[in-house]
$ cat structure-v1.json   # JSON, C-alpha atoms
[["chain", "number", "residue", "atom", "x", "y", "z"],
["A", 1, "MET", "CA", 14.98, -11.50, 25.17],
["A", 2, "ALA", "CA", 16.11, -14.68, 26.90],
["A", 3, "VAL", "CA", 16.35, -15.90, 30.48],
["A", 4, "THR", "CA", 20.06, -16.05, 31.26],
["A", 5, "ASP", "CA", 19.83, -16.45, 35.04],
["A", 6, "THR", "CA", 16.92, -18.51, 36.35],
["A", 7, "VAL", "CA", 17.21, -17.28, 39.96],
["A", 8, "ALA", "CA", 17.75, -13.54, 39.43],
["A", 9, "ARG", "CA", 14.12, -12.99, 38.37],
["A", 10, "LYS", "CA", 13.75, -9.56, 36.68],
["A", 11, "HIS", "CA", 17.53, -9.17, 36.65],
["A", 12, "GLY", "CA", 17.96, -12.52, 34.93],
["A", 13, "ILE", "CA", 16.63, -11.59, 31.50],
["A", 14, "SER", "CA", 19.06, -10.38, 28.85],
["A", 15, "ALA", "CA", 18.44, -8.69, 25.51],
["A", 16, "PHE", "CA", 20.16, -9.86, 22.32],
["A", 17, "ILE", "CA", 20.54, -8.71, 18.75],
["A", 18, "ILE", "CA", 19.67, -11.50, 16.31],
["A", 19, "GLU", "CA", 20.97, -10.86, 12.82],
["A", 20, "LYS", "CA", 19.02, -11.83, 9.73],
["A", 21, "GLY", "CA", 20.25, -15.12, 8.37],
["A", 22, "THR", "CA", 21.19, -16.56, 11.78],
["A", 23, "PRO", "CA", 20.49, -20.33, 11.68],
["A", 24, "GLY", "CA", 17.29, -21.17, 13.57],
["A", 25, "PHE", "CA", 15.85, -17.65, 13.22],
["A", 26, "ARG", "CA", 13.10, -16.98, 10.69],
["A", 27, "PRO", "CA", 9.95, -14.85, 10.29],
["A", 28, "GLY", "CA", 6.57, -16.43, 10.82],
["A", 29, "LYS", "CA", 3.17, -15.52, 9.48],
["A", 30, "LYS", "CA", 2.02, -11.96, 8.91],
["A", 31, "GLU", "CA", -0.97, -11.19, 11.11],
["A", 32, "ASN", "CA", -4.29, -10.13, 9.55],
["A", 33, "LYS", "CA", -5.07, -7.14, 11.76],
["A", 34, "LEU", "CA", -8.19, -5.11, 12.49],
["A", 35, "GLY", "CA", -6.49, -1.73, 11.97],
["A", 36, "LEU", "CA", -3.15, -0.04, 11.27],
["A", 37, "ARG", "CA", -2.82, -2.47, 8.41],
["A", 38, "ALA", "CA", -0.10, -0.43, 6.68],
["A", 39, "SER", "CA", 2.21, -1.38, 9.57],
["A", 40, "ASP", "CA", 3.03, -5.08, 9.28],
["A", 41, "THR", "CA", 2.96, -7.26, 12.38],
["A", 42, "ALA", "CA", 4.44, -10.75, 12.15],
["A", 43, "GLU", "CA", 5.72, -13.45, 14.45],
["A", 44, "VAL", "CA", 9.40, -14.40, 14.67],
["A", 45, "ILE", "CA", 10.42, -18.00, 15.23],
["A", 46, "PHE", "CA", 13.50, -19.30, 17.00],
["A", 47, "GLU", "CA", 14.35, -23.01, 16.71],
["A", 48, "ASP", "CA", 17.71, -24.17, 18.11],
["A", 49, "CYS", "CA", 18.99, -20.65, 17.51],
["A", 50, "ARG", "CA", 22.43, -20.15, 19.04],
["A", 51, "ILE", "CA", 24.12, -16.76, 19.20],
["A", 52, "PRO", "CA", 27.40, -15.55, 20.71],
["A", 53, "LYS", "CA", 27.59, -13.61, 23.99],
["A", 54, "SER", "CA", 28.88, -10.64, 21.99],
["A", 55, "ASN", "CA", 25.34, -10.18, 20.66],
["A", 56, "CYS", "CA", 24.10, -9.18, 24.10],
["A", 57, "LEU", "CA", 22.48, -5.73, 24.02],
["A", 58, "GLY", "CA", 23.31, -3.70, 27.13],
["A", 59, "GLN", "CA", 24.36, -5.35, 30.37],
["A", 60, "PRO", "CA", 23.69, -9.08, 30.89],
["A", 61, "GLY", "CA", 20.61, -9.61, 33.04],
["A", 62, "GLU", "CA", 19.29, -6.08, 32.52],
["A", 63, "GLY", "CA", 17.20, -6.65, 29.38],
["A", 64, "PHE", "CA", 13.85, -6.62, 31.17],
["A", 65, "VAL", "CA", 14.69, -3.53, 33.25],
["A", 66, "ASP", "CA", 15.93, -1.71, 30.14],
["A", 67, "SER", "CA", 12.74, -2.59, 28.29],
["A", 68, "LEU", "CA", 10.67, -0.96, 31.04],
["A", 69, "ARG", "CA", 12.68, 2.24, 30.63],
["A", 70, "VAL", "CA", 12.02, 2.12, 26.89],
["A", 71, "LEU", "CA", 8.30, 1.70, 27.59],
["A", 72, "ASP", "CA", 8.15, 4.99, 29.48],
["A", 73, "LYS", "CA", 9.05, 6.93, 26.34],
["A", 74, "GLY", "CA", 7.25, 4.53, 24.02],
["A", 75, "ARG", "CA", 4.01, 5.31, 25.81],
["A", 76, "ILE", "CA", 4.48, 8.98, 24.99],
["A", 77, "SER", "CA", 4.73, 8.00, 21.33],
["A", 78, "ILE", "CA", 1.49, 6.02, 21.53],
["A", 79, "ALA", "CA", -0.19, 8.97, 23.28],
["A", 80, "ALA", "CA", 0.93, 11.26, 20.46],
["A", 81, "LEU", "CA", -0.33, 8.75, 17.90],
["A", 82, "ALA", "CA", -3.69, 8.66, 19.68],
["A", 83, "VAL", "CA", -3.97, 12.44, 19.78],
["A", 84, "GLY", "CA", -3.15, 12.67, 16.08],
["A", 85, "MET", "CA", -5.73, 10.10, 15.03],
["A", 86, "ALA", "CA", -8.35, 11.63, 17.30],
["A", 87, "GLN", "CA", -7.63, 15.03, 15.73],
["A", 88, "GLY", "CA", -8.05, 13.52, 12.28],
["A", 89, "ALA", "CA", -11.40, 11.95, 13.17],
["A", 90, "TYR", "CA", -12.54, 15.23, 14.73],
["A", 91, "GLU", "CA", -11.56, 17.34, 11.72],
["A", 92, "ALA", "CA", -13.33, 14.91, 9.38],
["A", 93, "SER", "CA", -16.43, 15.23, 11.55],
["A", 94, "ILE", "CA", -16.33, 19.05, 11.53],
["A", 95, "SER", "CA", -16.07, 19.07, 7.74],
["A", 96, "TYR", "CA", -18.86, 16.53, 7.31],
["A", 97, "ALA", "CA", -21.19, 18.25, 9.80],
["A", 98, "LYS", "CA", -20.90, 21.53, 7.91],
["A", 99, "GLN", "CA", -21.78, 20.05, 4.53],
["A", 100, "ARG", "CA", -24.27, 17.31, 5.46],
["A", 101, "ARG", "CA", -27.82, 18.71, 5.44],
["A", 102, "GLN", "CA", -30.92, 17.41, 7.16],
["A", 103, "PHE", "CA", -34.25, 19.21, 7.52],
["A", 104, "ASP", "CA", -32.98, 22.01, 5.27],
["A", 105, "LYS", "CA", -29.89, 22.89, 7.32],
["A", 106, "PRO", "CA", -26.40, 21.52, 8.03],
["A", 107, "ILE", "CA", -26.30, 18.99, 10.89],
["A", 108, "ALA", "CA", -23.64, 21.24, 12.47],
["A", 109, "GLU", "CA", -26.51, 23.51, 13.48],
["A", 110, "PHE", "CA", -28.14, 20.82, 15.61],
["A", 111, "GLN", "CA", -27.26, 20.97, 19.30],
["A", 112, "ALA", "CA", -26.76, 17.17, 19.49],
["A", 113, "THR", "CA", -23.98, 17.43, 16.90],
["A", 114, "GLN", "CA", -22.50, 20.57, 18.45],
["A", 115, "TRP", "CA", -22.21, 18.95, 21.87],
["A", 116, "LYS", "CA", -20.46, 15.92, 20.38],
["A", 117, "LEU", "CA", -17.95, 18.17, 18.62],
["A", 118, "ALA", "CA", -17.40, 20.27, 21.75],
["A", 119, "ASP", "CA", -16.69, 17.18, 23.87],
["A", 120, "MET", "CA", -14.39, 15.77, 21.20],
["A", 121, "ALA", "CA", -12.36, 18.99, 20.96],
["A", 122, "THR", "CA", -12.09, 19.37, 24.74],
["A", 123, "GLU", "CA", -10.93, 15.81, 25.33],
["A", 124, "ILE", "CA", -8.41, 15.96, 22.47],
["A", 125, "GLU", "CA", -6.91, 19.14, 23.91],
["A", 126, "ALA", "CA", -6.62, 17.56, 27.37],
["A", 127, "GLY", "CA", -4.92, 14.51, 25.86],
["A", 128, "ARG", "CA", -2.56, 16.74, 23.89],
["A", 129, "LEU", "CA", -1.55, 18.66, 27.01],
["A", 130, "LEU", "CA", -0.87, 15.48, 28.99],
["A", 131, "THR", "CA", 1.22, 14.17, 26.11],
["A", 132, "CYS", "CA", 3.21, 17.42, 25.76],
["A", 133, "GLN", "CA", 3.84, 17.50, 29.50],
["A", 134, "ALA", "CA", 5.23, 13.95, 29.51],
["A", 135, "ALA", "CA", 7.34, 14.65, 26.41],
["A", 136, "SER", "CA", 8.73, 17.88, 27.91],
["A", 137, "LEU", "CA", 9.74, 16.10, 31.11],
["A", 138, "ALA", "CA", 11.37, 13.28, 29.12],
["A", 139, "ASP", "CA", 13.30, 15.83, 27.03],
["A", 140, "ARG", "CA", 14.70, 17.24, 30.28],
["A", 141, "GLY", "CA", 15.86, 13.81, 31.39],
["A", 142, "ARG", "CA", 13.21, 13.39, 34.06],
["A", 143, "ARG", "CA", 11.69, 10.06, 35.05],
["A", 144, "VAL", "CA", 8.25, 9.93, 33.41],
["A", 145, "THR", "CA", 6.76, 6.58, 34.43],
["A", 146, "ARG", "CA", 3.62, 8.15, 35.89],
["A", 147, "GLU", "CA", 3.26, 10.98, 33.38],
["A", 148, "SER", "CA", 3.72, 8.76, 30.30],
["A", 149, "ALA", "CA", 1.23, 6.21, 31.63],
["A", 150, "MET", "CA", -1.33, 8.96, 32.30],
["A", 151, "ALA", "CA", -0.85, 10.44, 28.84],
["A", 152, "LYS", "CA", -1.08, 7.09, 27.12],
["A", 153, "LEU", "CA", -4.11, 5.96, 29.13],
["A", 154, "TYR", "CA", -6.09, 9.15, 28.64],
["A", 155, "ALA", "CA", -5.15, 9.91, 25.04],
["A", 156, "GLY", "CA", -5.73, 6.31, 23.96],
["A", 157, "GLU", "CA", -9.19, 6.13, 25.48],
["A", 158, "VAL", "CA", -10.05, 9.59, 24.17],
["A", 159, "ALA", "CA", -9.10, 8.49, 20.66],
["A", 160, "VAL", "CA", -11.50, 5.56, 20.89],
["A", 161, "ARG", "CA", -14.33, 7.79, 22.14],
["A", 162, "VAL", "CA", -13.69, 10.44, 19.50],
["A", 163, "ALA", "CA", -13.56, 7.91, 16.67],
["A", 164, "ASN", "CA", -16.79, 6.37, 17.91],
["A", 165, "GLU", "CA", -18.52, 9.76, 17.94],
["A", 166, "ALA", "CA", -17.07, 10.56, 14.52],
["A", 167, "VAL", "CA", -18.73, 7.47, 13.06],
["A", 168, "GLN", "CA", -21.96, 8.44, 14.83],
["A", 169, "ILE", "CA", -21.90, 11.95, 13.36],
["A", 170, "HIS", "CA", -21.41, 10.47, 9.89],
["A", 171, "GLY", "CA", -24.32, 8.10, 10.40],
["A", 172, "GLY", "CA", -24.51, 5.36, 7.79],
["A", 173, "TYR", "CA", -21.64, 6.93, 5.85],
["A", 174, "GLY", "CA", -19.41, 6.37, 8.87],
["A", 175, "PHE", "CA", -19.69, 2.65, 8.22],
["A", 176, "ILE", "CA", -18.50, 2.95, 4.63],
["A", 177, "LYS", "CA", -14.86, 2.88, 3.53],
["A", 178, "ASP", "CA", -15.39, 5.89, 1.25],
["A", 179, "TYR", "CA", -15.18, 8.08, 4.38],
["A", 180, "PRO", "CA", -12.03, 8.27, 6.58],
["A", 181, "VAL", "CA", -13.72, 7.85, 9.95],
["A", 182, "GLU", "CA", -14.25, 4.14, 9.29],
["A", 183, "LYS", "CA", -10.49, 3.68, 9.22],
["A", 184, "TYR", "CA", -9.92, 5.88, 12.28],
["A", 185, "TYR", "CA", -12.46, 3.74, 14.13],
["A", 186, "ARG", "CA", -10.44, 0.59, 13.40],
["A", 187, "ASP", "CA", -7.00, 2.10, 13.90],
["A", 188, "VAL", "CA", -7.45, 3.85, 17.25],
["A", 189, "LYS", "CA", -8.22, 0.69, 19.23],
["A", 190, "LEU", "CA", -4.57, -0.29, 19.28],
["A", 191, "CYS", "CA", -3.83, 2.85, 21.31],
["A", 192, "THR", "CA", -5.56, 1.24, 24.31],
["A", 193, "ILE", "CA", -3.52, -1.96, 23.85],
["A", 194, "GLY", "CA", -0.01, -1.25, 22.50],
["A", 195, "GLU", "CA", 2.83, -0.43, 24.93],
["A", 196, "GLY", "CA", 0.63, -1.81, 27.72],
["A", 197, "THR", "CA", -3.16, -2.01, 27.91],
["A", 198, "SER", "CA", -5.29, 0.62, 29.63],
["A", 199, "GLU", "CA", -5.58, -1.76, 32.57],
["A", 200, "ILE", "CA", -1.78, -1.94, 32.87],
["A", 201, "GLN", "CA", -1.53, 1.87, 32.70],
["A", 202, "ARG", "CA", -3.93, 2.15, 35.62],
["A", 203, "MET", "CA", -1.81, -0.33, 37.59],
["A", 204, "VAL", "CA", 1.35, 1.67, 36.83],
["A", 205, "ILE", "CA", -0.28, 4.98, 37.77],
["A", 206, "ALA", "CA", -1.69, 3.59, 41.01],
["A", 207, "ARG", "CA", 1.67, 2.07, 41.94],
["A", 208, "GLU", "CA", 3.43, 5.38, 41.33],
["A", 209, "LEU", "CA", 0.84, 7.34, 43.32],
["A", 210, "LEU", "CA", 0.95, 5.00, 46.31],
["A", 211, "ALA", "CA", 4.73, 4.78, 46.30],
["A", 212, "SER", "CA", 5.02, 8.57, 46.45],
["A", 213, "ARG", "CA", 3.07, 8.58, 49.71],
["A", 214, "GLU", "CA", 5.11, 5.97, 51.59]]

$ encode --input "structure-v1.json" --output "structure tokens"
Amino acid sequence: MAVTDTVARKHGISAFIIEKGTPGFRPGKKENKLGLRASDTAEVIFEDCRIPKSNCLGQPGEGFVDSLRVLDKGRISIAALAVGMAQGAYEASISYAKQRRQFDKPIAEFQATQWKLADMATEIEAGRLLTCQAASLADRGRRVTRESAMAKLYAGEVAVRVANEAVQIHGGYGFIKDYPVEKYYRDVKLCTIGEGTSEIQRMVIARELLASRE
């Protein structure tokens, strides 16, 4: 992205394709991340990087607006990612609760554990339904700004809660890398940050709700 018209504000930002090997364009350092470490994140550096107008992606000045349209569907992807990781943490917790014994019985028989699992399953299902609704509307070519933000907000925050409870159910083992919930706990946090933080999602949802009542 680059500002190509300093007075047109959101319609003054254009998107460009920068090909590998272009003078002045190079990768920077690889970030040492908390979670999702199998997916590399690195900075890109531009120094006196000149490119032809033919490298413009889409219409000149519409790069920022186009990126917002991409975000609508990208948020559905993050919601689906959150639901999937939450499901994984939940299934690991079910399995562990059935085989871990305390006081001569599996911890799955204790009400405290059962209520955690019930809440986890219910919230995951609600997140899944919000995500499927947004995806279905997008497939039909509908505008999904509100629906994708709701799905991403809810599913992302559910994933964090579920992963937290999964670690709690595992007790001390939840803090050890031999068990998968430790990784889920680290990975899910990005779902409340990527494609717009939870705070941004609430702003988007509120804006959509208020605009529909004008």

$ atom_distance --input "structure-v1.json" --atom1 "atom CA of A:Tyr184" --atom2 "atom CA of A:Ala79"
15.0 Å

$ closest_residue --input "structure-v1.json" --among "A:Ala138, A:Val3, A:Val167, A:Val160" --to "A:Gly74" --atoms "all atoms listed in the file"
A:Ala138

$ atom_distance --input "structure-v1.json" --atom1 "atom CA of A:Gly196" --atom2 "atom CA of A:Lys20"
27.6 Å

$ residues_around --input "structure-v1.json" --residues "A:Tyr185" --least-positions-apart "5" --cutoff "12 Å" --atoms "only C-alpha atoms" --output "number ranges by chain"
A: 34-36, 82, 85-86, 88-90, 158-168, 170, 174-177, 179-180, 190-191

$ residues_around --input "structure-v1.json" --residues "A:Gly12" --least-positions-apart "5" --cutoff "6 Å" --atoms "all atoms listed in the file" --output "list in words"
Val3, Thr4, Asp5 and Gly61 of chain A

$ write_last_selection --input "structure-v1.json" --atoms "C-alpha atoms" --output "short mmCIF file (atom, residue, chain, number, x, y, z; two decimals), in the frame of the given file"
data_model
loop_
_atom_site.label_atom_id
_atom_site.label_comp_id
_atom_site.auth_asym_id
_atom_site.auth_seq_id
_atom_site.Cartn_x
_atom_site.Cartn_y
_atom_site.Cartn_z
CA VAL A 3 16.35 -15.90 30.48
CA THR A 4 20.06 -16.05 31.26
CA ASP A 5 19.83 -16.45 35.04
CA GLY A 61 20.61 -9.61 33.04
#

$ atom_distance --input "structure-v1.json" --atom1 "atom CA of A:Ala92" --atom2 "atom CA of A:Val181"
7.1 Å

$ residues_around --input "structure-v1.json" --residues "A:Ala135" --least-positions-apart "5" --cutoff "10 Å" --atoms "only C-alpha atoms" --output "ChimeraX atom specification"
/A:73,75-77,79-80,129-130,140-142,144,147-148,151

$ closest_residue --input "structure-v1.json" --among "A:Ser14, A:Thr113, A:Ser93, A:Thr41" --to "A:Leu57" --atoms "all atoms listed in the file"
A:Ser14

$ closest_residue --input "structure-v1.json" --among "A:Ile107, A:Ile18, A:Val83, A:Ala134" --to "A:Ala121" --atoms "only C-alpha atoms"
A:Val83

$ residues_near_point --input "structure-v1.json" --point "(17.6, -19.7, 15.9)" --cutoff "9 Å" --atoms "only C-alpha atoms" --output "ChimeraX atom specification"
/A:18,22-26,45-51

$ closest_residue --input "structure-v1.json" --among "A:Ile13, A:Ile169, A:Met120, A:Ala211" --to "A:Lys98" --atoms "all atoms listed in the file"
A:Ile169

$ residues_around --input "structure-v1.json" --residues "A:Ala42" --least-positions-apart "4" --cutoff "9 Å" --atoms "all atoms listed in the file" --output "list in words"
Pro27, Gly28, Lys29, Lys30 and Glu31 of chain A

$ write_last_selection --input "structure-v1.json" --atoms "C-alpha atoms" --output "mmCIF file, keeping the file's coordinate frame"
data_model
loop_
_atom_site.group_PDB
_atom_site.id
_atom_site.type_symbol
_atom_site.label_atom_id
_atom_site.label_comp_id
_atom_site.auth_asym_id
_atom_site.auth_seq_id
_atom_site.Cartn_x
_atom_site.Cartn_y
_atom_site.Cartn_z
ATOM 1 C CA PRO A 27 9.950 -14.850 10.290
ATOM 2 C CA GLY A 28 6.570 -16.430 10.820
ATOM 3 C CA LYS A 29 3.170 -15.520 9.480
ATOM 4 C CA LYS A 30 2.020 -11.960 8.910
ATOM 5 C CA GLU A 31 -0.970 -11.190 11.110
#

$ closest_residue --input "structure-v1.json" --among "A:Leu68, A:Ala149, A:Leu210, A:Leu137" --to "A:Thr197" --atoms "all atoms listed in the file"
A:Ala149

$ closest_residue --input "structure-v1.json" --among "A:Arg128, A:Ile78, A:Ala206, A:Lys10" --to "A:Pro60" --atoms "only C-alpha atoms"
A:Lys10

$ residues_around --input "structure-v1.json" --residues "stretch 53-56 of chain A" --least-positions-apart "5" --cutoff "6 Å" --atoms "all atoms listed in the file" --output "JSON, numbers by chain"
{"A": [15, 16, 17]}

$ decode --input "structure-v1.json" --residues "stretch 36-95 of chain A" --atoms "C-alpha atoms" --output "PDB file, in the first residue's frame"
ATOM      1  CA  LEU A  36       1.218 -20.129  15.702  1.00  0.00           C
ATOM      2  CA  ARG A  37       4.949 -20.508  15.299  1.00  0.00           C
ATOM      3  CA  ALA A  38       4.636 -22.796  12.270  1.00  0.00           C
ATOM      4  CA  SER A  39       3.345 -19.771  10.328  1.00  0.00           C
ATOM      5  CA  ASP A  40       6.238 -17.363   9.802  1.00  0.00           C
ATOM      6  CA  THR A  41       5.709 -13.650  10.350  1.00  0.00           C
ATOM      7  CA  ALA A  42       8.395 -11.259   9.152  1.00  0.00           C
ATOM      8  CA  GLU A  43       8.785  -7.598   8.326  1.00  0.00           C
ATOM      9  CA  VAL A  44       9.313  -6.324   4.776  1.00  0.00           C
ATOM     10  CA  ILE A  45      11.550  -3.350   4.128  1.00  0.00           C
ATOM     11  CA  PHE A  46      11.278  -0.794   1.342  1.00  0.00           C
ATOM     12  CA  GLU A  47      14.185   1.622   0.783  1.00  0.00           C
ATOM     13  CA  ASP A  48      14.053   3.852  -2.317  1.00  0.00           C
ATOM     14  CA  CYS A  49      11.892   1.184  -3.934  1.00  0.00           C
ATOM     15  CA  ARG A  50      10.472   2.387  -7.249  1.00  0.00           C
ATOM     16  CA  ILE A  51       7.876   0.414  -9.196  1.00  0.00           C
ATOM     17  CA  PRO A  52       5.946   1.103 -12.407  1.00  0.00           C
ATOM     18  CA  LYS A  53       2.297   2.181 -12.448  1.00  0.00           C
ATOM     19  CA  SER A  54       1.489  -1.114 -14.165  1.00  0.00           C
ATOM     20  CA  ASN A  55       2.082  -2.843 -10.818  1.00  0.00           C
ATOM     21  CA  CYS A  56      -1.002  -1.191  -9.343  1.00  0.00           C
ATOM     22  CA  LEU A  57      -3.455  -3.794  -8.034  1.00  0.00           C
ATOM     23  CA  GLY A  58      -7.064  -2.825  -8.731  1.00  0.00           C
ATOM     24  CA  GLN A  59      -8.089   0.772  -9.331  1.00  0.00           C
ATOM     25  CA  PRO A  60      -5.721   3.597  -8.304  1.00  0.00           C
ATOM     26  CA  GLY A  61      -6.787   5.118  -4.997  1.00  0.00           C
ATOM     27  CA  GLU A  62      -9.004   2.175  -4.029  1.00  0.00           C
ATOM     28  CA  GLY A  63      -6.435   0.033  -2.213  1.00  0.00           C
ATOM     29  CA  PHE A  64      -7.661   0.881   1.276  1.00  0.00           C
ATOM     30  CA  VAL A  65     -11.340   0.391   0.383  1.00  0.00           C
ATOM     31  CA  ASP A  66     -10.550  -2.929  -1.297  1.00  0.00           C
ATOM     32  CA  SER A  67      -8.628  -4.086   1.766  1.00  0.00           C
ATOM     33  CA  LEU A  68     -11.689  -3.462   3.946  1.00  0.00           C
ATOM     34  CA  ARG A  69     -13.750  -5.680   1.642  1.00  0.00           C
ATOM     35  CA  VAL A  70     -11.106  -8.385   1.950  1.00  0.00           C
ATOM     36  CA  LEU A  71     -11.257  -8.065   5.742  1.00  0.00           C
ATOM     37  CA  ASP A  72     -14.954  -8.951   5.798  1.00  0.00           C
ATOM     38  CA  LYS A  73     -14.224 -12.424   4.443  1.00  0.00           C
ATOM     39  CA  GLY A  74     -10.876 -12.701   6.207  1.00  0.00           C
ATOM     40  CA  ARG A  75     -12.658 -12.342   9.524  1.00  0.00           C
ATOM     41  CA  ILE A  76     -14.779 -15.370   8.677  1.00  0.00           C
ATOM     42  CA  SER A  77     -11.556 -17.322   8.161  1.00  0.00           C
ATOM     43  CA  ILE A  78     -10.235 -16.238  11.564  1.00  0.00           C
ATOM     44  CA  ALA A  79     -13.575 -17.192  13.148  1.00  0.00           C
ATOM     45  CA  ALA A  80     -13.324 -20.647  11.570  1.00  0.00           C
ATOM     46  CA  LEU A  81      -9.733 -20.949  12.794  1.00  0.00           C
ATOM     47  CA  ALA A  82     -10.875 -20.027  16.307  1.00  0.00           C
ATOM     48  CA  VAL A  83     -13.701 -22.562  16.267  1.00  0.00           C
ATOM     49  CA  GLY A  84     -11.345 -25.285  15.083  1.00  0.00           C
ATOM     50  CA  MET A  85      -8.737 -24.626  17.762  1.00  0.00           C
ATOM     51  CA  ALA A  86     -11.399 -24.357  20.453  1.00  0.00           C
ATOM     52  CA  GLN A  87     -12.803 -27.705  19.298  1.00  0.00           C
ATOM     53  CA  GLY A  88      -9.336 -29.233  19.513  1.00  0.00           C
ATOM     54  CA  ALA A  89      -8.791 -27.953  23.055  1.00  0.00           C
ATOM     55  CA  TYR A  90     -12.246 -29.188  24.054  1.00  0.00           C
ATOM     56  CA  GLU A  91     -11.724 -32.675  22.618  1.00  0.00           C
ATOM     57  CA  ALA A  92      -8.352 -32.944  24.355  1.00  0.00           C
ATOM     58  CA  SER A  93     -10.058 -31.986  27.615  1.00  0.00           C
ATOM     59  CA  ILE A  94     -12.821 -34.581  27.187  1.00  0.00           C
ATOM     60  CA  SER A  95     -10.246 -37.300  26.576  1.00  0.00           C
TER      61      SER A  95
END
